[in-house]
Amino acid sequence: MKRGNSRQRVEKAATAMLPTRYGNFRITIFHDQAGDKEHIAVIKGDIGGRDAVPLRLHSECLTGDALGSLRCDCRGQLTKALEYLGTQDFGVLLYLKQEGRGIGLINKIKAYHLQEKGLDTVEANHALGFDGDLRDYRIAGEVLKRLKVKSVNILTNNPKKIRGLEDNGIVVAKRTPLETEPNVFNEHYLKTKKEKLGHRINLPPD
């Protein structure tokens, strides 16, 4: 199987300083030539050559991150990750263009509509002809290698992200949970992520 030259797939396209309410970061845009997508690295301090670099892999979620949707926990996790990184000497958040766990924004909204008819998030994906989670962490591995990160402390509840990084040559030295408070709109969503997608989430008893 031809895989091409991975060194030509990820292009460092732009970088600048990024002062935020969470602290001062550096933002770097990577262009994934294979998928023609732009991914973001938000970097705190000097991460090159370091071990156990605090890392958040965050997939794009327009409805949650930008619009404040309560149907998911994405915005809460993004905020907590940035707050945490802002207190560290170094760390990185990779914001990956993988909307709707990889199915895209249009299909994500179609899945929302199916959920309103009684399906859970995984069942809705299946009804649209997709797996429950289509995200690919190849690009994350390539970006971390370009940033010369030796190993990471990943902020996640999702074991698939750990496997995805390790499968792409990244050493995961530690996992730090990143949990948010459930609300009446996302309780069933979080339960489904725990029971069907294997996320390590502590939920209150029914």
# chains A, B, ... in the order shown; residues from 1 in each chain; ligands from 1

$ select_by_dssp --residues "range 9-201 of chain A" --states "alpha helix (DSSP H)" --output "PyMOL selection string"
chain A and resi 74-87+99-102+105-116+121-127+138-146+159-167+187-197

$ select_by_dssp --residues "range 7-145 of chain A" --states "strand (DSSP E or B)" --output "PyMOL selection string"
chain A and resi 10-20+23-32+37-44+53-59+91-96

$ write_last_selection --atoms "C-alpha atoms" --output "short mmCIF file (atom, residue, chain, number, x, y, z; two decimals), in the first residue's frame"
data_model
loop_
_atom_site.label_atom_id
_atom_site.label_comp_id
_atom_site.auth_asym_id
_atom_site.auth_seq_id
_atom_site.Cartn_x
_atom_site.Cartn_y
_atom_site.Cartn_z
CA VAL A 10 2.08 18.44 7.10
CA GLU A 11 3.17 21.97 6.32
CA LYS A 12 3.77 24.58 9.00
CA ALA A 13 1.79 27.40 7.43
CA ALA A 14 1.72 30.29 9.94
CA THR A 15 2.63 31.14 13.53
CA ALA A 16 2.09 34.09 15.89
CA MET A 17 1.76 34.99 19.54
CA LEU A 18 -1.70 34.50 21.07
CA PRO A 19 -2.50 36.31 24.33
CA THR A 20 -5.70 34.85 25.81
CA GLY A 23 -2.51 33.01 29.49
CA ASN A 24 -0.02 33.79 26.75
CA PHE A 25 0.36 31.15 24.05
CA ARG A 26 1.81 30.73 20.59
CA ILE A 27 -0.55 29.63 17.81
CA THR A 28 0.75 27.63 14.85
CA ILE A 29 -1.33 26.49 11.90
CA PHE A 30 -0.46 23.20 10.20
CA HIS A 31 -1.82 22.42 6.75
CA ASP A 32 -2.58 18.73 6.22
CA LYS A 37 -7.37 20.68 6.23
CA GLU A 38 -5.95 23.25 8.63
CA HIS A 39 -5.19 22.13 12.18
CA ILE A 40 -4.13 24.33 15.10
CA ALA A 41 -1.43 23.97 17.74
CA VAL A 42 -1.82 26.29 20.75
CA ILE A 43 1.53 26.12 22.52
CA LYS A 44 2.57 27.23 26.02
CA VAL A 53 4.30 17.46 27.80
CA PRO A 54 0.73 18.29 28.86
CA LEU A 55 -1.39 17.71 25.74
CA ARG A 56 -5.03 18.16 24.87
CA LEU A 57 -6.24 16.66 21.60
CA HIS A 58 -9.46 18.53 20.89
CA SER A 59 -11.58 17.88 17.83
CA GLY A 91 2.11 22.36 27.10
CA VAL A 92 0.13 22.16 23.89
CA LEU A 93 -3.47 21.95 22.69
CA LEU A 94 -4.00 20.48 19.24
CA TYR A 95 -7.31 21.64 17.75
CA LEU A 96 -8.06 19.12 15.02
#

$ atom_distance --atom1 "CA of Arg163 in chain A" --atom2 "CA of Val122 in chain A"
20.0 Å

$ closest_residue --among "A:Gly76, A:Pro204, A:Gly169, A:Gly100" --to "Thr121 in chain A" --atoms "only C-alpha atoms"
A:Gly100

$ closest_atom_pairs --of "range 51-101 of chain A" --to "range 188-191 of chain A" --cutoff "12 Å" --atoms "only C-alpha atoms" --output "CSV"
residue,atom,partner,partner_atom,distance
A:Leu70,CA,A:Tyr189,CA,10.4
A:Arg71,CA,A:Tyr189,CA,7.4
A:Cys72,CA,A:Tyr189,CA,6.9
A:Asp73,CA,A:Leu190,CA,7.9
A:Cys74,CA,A:Leu190,CA,10.9

$ closest_residue --among "A:Lys97, A:Arg200, A:Lys117, A:Arg21" --to "Glu83 in chain A" --atoms "only C-alpha atoms"
A:Arg21

$ residues_around --residues "Asp65 in chain A" --least-positions-apart "4" --cutoff "9 Å" --atoms "only C-alpha atoms" --output "list of chain:residue names"
A:Glu60, A:Cys61, A:Ser69, A:Cys74, A:Arg75, A:Gly76, A:Leu78, A:Thr79

$ write_last_selection --atoms "N, CA and C atoms" --output "compact mmCIF listing (two decimals), in the first residue's frame"
# COMPACT_ATOMS: atom_id res chain seq x y z
N GLU A 60 -12.54 19.70 16.60
CA GLU A 60 -13.41 20.85 16.35
C GLU A 60 -14.87 20.52 16.66
N CYS A 61 -15.53 21.43 17.38
CA CYS A 61 -16.95 21.30 17.67
C CYS A 61 -17.56 22.69 17.61
N SER A 69 -23.31 25.07 22.85
CA SER A 69 -24.31 24.01 22.95
C SER A 69 -24.13 23.22 24.24
N CYS A 74 -17.98 19.40 24.99
CA CYS A 74 -16.79 19.87 24.27
C CYS A 74 -16.27 21.22 24.77
N ARG A 75 -17.16 22.20 24.90
CA ARG A 75 -16.71 23.52 25.33
C ARG A 75 -16.15 23.48 26.75
N GLY A 76 -16.79 22.72 27.62
CA GLY A 76 -16.28 22.59 28.98
C GLY A 76 -14.89 21.98 29.01
N LEU A 78 -12.69 22.00 26.50
CA LEU A 78 -11.76 22.95 25.89
C LEU A 78 -11.35 24.02 26.89
N THR A 79 -12.33 24.56 27.60
CA THR A 79 -12.04 25.60 28.58
C THR A 79 -11.15 25.07 29.70

$ atom_distance --atom1 "CA of Asn107 in chain A" --atom2 "CA of Gly164 in chain A"
23.3 Å

$ residues_around --residues "range 171-174 of chain A" --least-positions-apart "4" --cutoff "12 Å" --atoms "only C-alpha atoms" --output "ChimeraX atom specification"
/A:50-55,141,144-145,148-157,159,161-167

$ write_last_selection --atoms "N, CA and C atoms" --output "PDB file, in the first residue's frame"
ATOM      1  N   ARG A  50      10.990  17.872  25.225  1.00  0.00           N
ATOM      2  CA  ARG A  50      10.535  17.651  26.598  1.00  0.00           C
ATOM      3  C   ARG A  50       9.732  16.359  26.733  1.00  0.00           C
ATOM      4  N   ASP A  51       9.771  15.796  27.942  1.00  0.00           N
ATOM      5  CA  ASP A  51       8.985  14.612  28.280  1.00  0.00           C
ATOM      6  C   ASP A  51       7.711  15.021  28.997  1.00  0.00           C
ATOM      7  N   ALA A  52       6.698  14.140  28.904  1.00  0.00           N
ATOM      8  CA  ALA A  52       5.421  14.324  29.610  1.00  0.00           C
ATOM      9  C   ALA A  52       4.841  15.715  29.382  1.00  0.00           C
ATOM     10  N   VAL A  53       4.855  16.154  28.146  1.00  0.00           N
ATOM     11  CA  VAL A  53       4.296  17.457  27.800  1.00  0.00           C
ATOM     12  C   VAL A  53       2.770  17.400  27.944  1.00  0.00           C
ATOM     13  N   PRO A  54       2.184  18.263  28.765  1.00  0.00           N
ATOM     14  CA  PRO A  54       0.726  18.292  28.857  1.00  0.00           C
ATOM     15  C   PRO A  54       0.110  18.537  27.476  1.00  0.00           C
ATOM     16  N   LEU A  55      -0.813  17.667  27.092  1.00  0.00           N
ATOM     17  CA  LEU A  55      -1.386  17.706  25.743  1.00  0.00           C
ATOM     18  C   LEU A  55      -2.891  17.507  25.809  1.00  0.00           C
ATOM     19  N   GLY A 141      -0.075  12.852  15.486  1.00  0.00           N
ATOM     20  CA  GLY A 141       1.261  12.276  15.625  1.00  0.00           C
ATOM     21  C   GLY A 141       2.286  13.033  14.808  1.00  0.00           C
ATOM     22  N   LEU A 144       3.010  16.528  16.425  1.00  0.00           N
ATOM     23  CA  LEU A 144       3.819  16.411  17.641  1.00  0.00           C
ATOM     24  C   LEU A 144       5.273  16.089  17.309  1.00  0.00           C
ATOM     25  N   LYS A 145       5.481  15.297  16.276  1.00  0.00           N
ATOM     26  CA  LYS A 145       6.860  15.021  15.849  1.00  0.00           C
ATOM     27  C   LYS A 145       7.512  16.280  15.294  1.00  0.00           C
ATOM     28  N   LYS A 148       8.726  18.302  17.954  1.00  0.00           N
ATOM     29  CA  LYS A 148       9.823  17.637  18.682  1.00  0.00           C
ATOM     30  C   LYS A 148       9.465  17.284  20.123  1.00  0.00           C
ATOM     31  N   VAL A 149       8.216  16.906  20.339  1.00  0.00           N
ATOM     32  CA  VAL A 149       7.769  16.455  21.661  1.00  0.00           C
ATOM     33  C   VAL A 149       8.236  15.015  21.874  1.00  0.00           C
ATOM     34  N   LYS A 150       8.869  14.733  23.030  1.00  0.00           N
ATOM     35  CA  LYS A 150       9.387  13.388  23.290  1.00  0.00           C
ATOM     36  C   LYS A 150       8.314  12.449  23.839  1.00  0.00           C
ATOM     37  N   SER A 151       7.490  12.925  24.762  1.00  0.00           N
ATOM     38  CA  SER A 151       6.379  12.136  25.296  1.00  0.00           C
ATOM     39  C   SER A 151       5.342  13.098  25.855  1.00  0.00           C
ATOM     40  N   VAL A 152       4.117  12.572  26.095  1.00  0.00           N
ATOM     41  CA  VAL A 152       3.022  13.463  26.485  1.00  0.00           C
ATOM     42  C   VAL A 152       2.297  12.967  27.726  1.00  0.00           C
ATOM     43  N   ASN A 153       1.711  13.927  28.427  1.00  0.00           N
ATOM     44  CA  ASN A 153       0.721  13.693  29.473  1.00  0.00           C
ATOM     45  C   ASN A 153      -0.602  14.133  28.872  1.00  0.00           C
ATOM     46  N   ILE A 154      -1.402  13.189  28.402  1.00  0.00           N
ATOM     47  CA  ILE A 154      -2.591  13.528  27.633  1.00  0.00           C
ATOM     48  C   ILE A 154      -3.783  13.795  28.546  1.00  0.00           C
ATOM     49  N   LEU A 155      -4.462  14.909  28.291  1.00  0.00           N
ATOM     50  CA  LEU A 155      -5.642  15.300  29.057  1.00  0.00           C
ATOM     51  C   LEU A 155      -6.859  14.736  28.332  1.00  0.00           C
ATOM     52  N   THR A 156      -7.350  13.592  28.772  1.00  0.00           N
ATOM     53  CA  THR A 156      -8.440  12.935  28.055  1.00  0.00           C
ATOM     54  C   THR A 156      -9.133  11.908  28.929  1.00  0.00           C
ATOM     55  N   ASN A 157     -10.369  11.591  28.536  1.00  0.00           N
ATOM     56  CA  ASN A 157     -11.091  10.463  29.121  1.00  0.00           C
ATOM     57  C   ASN A 157     -11.228   9.326  28.108  1.00  0.00           C
ATOM     58  N   PRO A 159      -9.725   6.442  25.813  1.00  0.00           N
ATOM     59  CA  PRO A 159      -8.584   5.555  25.543  1.00  0.00           C
ATOM     60  C   PRO A 159      -8.207   5.474  24.069  1.00  0.00           C
ATOM     61  N   LYS A 161      -7.817   7.841  22.025  1.00  0.00           N
ATOM     62  CA  LYS A 161      -6.825   8.867  21.718  1.00  0.00           C
ATOM     63  C   LYS A 161      -5.427   8.385  22.099  1.00  0.00           C
ATOM     64  N   ILE A 162      -5.339   7.670  23.210  1.00  0.00           N
ATOM     65  CA  ILE A 162      -4.035   7.128  23.621  1.00  0.00           C
ATOM     66  C   ILE A 162      -3.545   6.132  22.590  1.00  0.00           C
ATOM     67  N   ARG A 163      -4.405   5.206  22.199  1.00  0.00           N
ATOM     68  CA  ARG A 163      -4.027   4.220  21.175  1.00  0.00           C
ATOM     69  C   ARG A 163      -3.684   4.903  19.858  1.00  0.00           C
ATOM     70  N   GLY A 164      -4.453   5.933  19.503  1.00  0.00           N
ATOM     71  CA  GLY A 164      -4.199   6.633  18.255  1.00  0.00           C
ATOM     72  C   GLY A 164      -2.834   7.295  18.229  1.00  0.00           C
ATOM     73  N   LEU A 165      -2.427   7.891  19.353  1.00  0.00           N
ATOM     74  CA  LEU A 165      -1.104   8.495  19.423  1.00  0.00           C
ATOM     75  C   LEU A 165      -0.014   7.439  19.381  1.00  0.00           C
ATOM     76  N   GLU A 166      -0.187   6.395  20.181  1.00  0.00           N
ATOM     77  CA  GLU A 166       0.834   5.344  20.223  1.00  0.00           C
ATOM     78  C   GLU A 166       0.990   4.661  18.875  1.00  0.00           C
ATOM     79  N   ASP A 167      -0.117   4.455  18.167  1.00  0.00           N
ATOM     80  CA  ASP A 167      -0.058   3.850  16.834  1.00  0.00           C
ATOM     81  C   ASP A 167       0.687   4.742  15.842  1.00  0.00           C
TER      82      ASP A 167
END

$ atom_distance --atom1 "CA of Lys108 in chain A" --atom2 "CA of Leu134 in chain A"
12.1 Å

$ residues_around --residues "Glu123 in chain A" --least-positions-apart "2" --cutoff "12 Å" --atoms "only C-alpha atoms" --output "JSON, numbers by chain"
{"A": [111, 112, 113, 114, 115, 116, 117, 118, 119, 120, 121, 125, 126, 127, 128, 129, 130, 131, 132, 133, 189, 192, 193, 196, 197]}
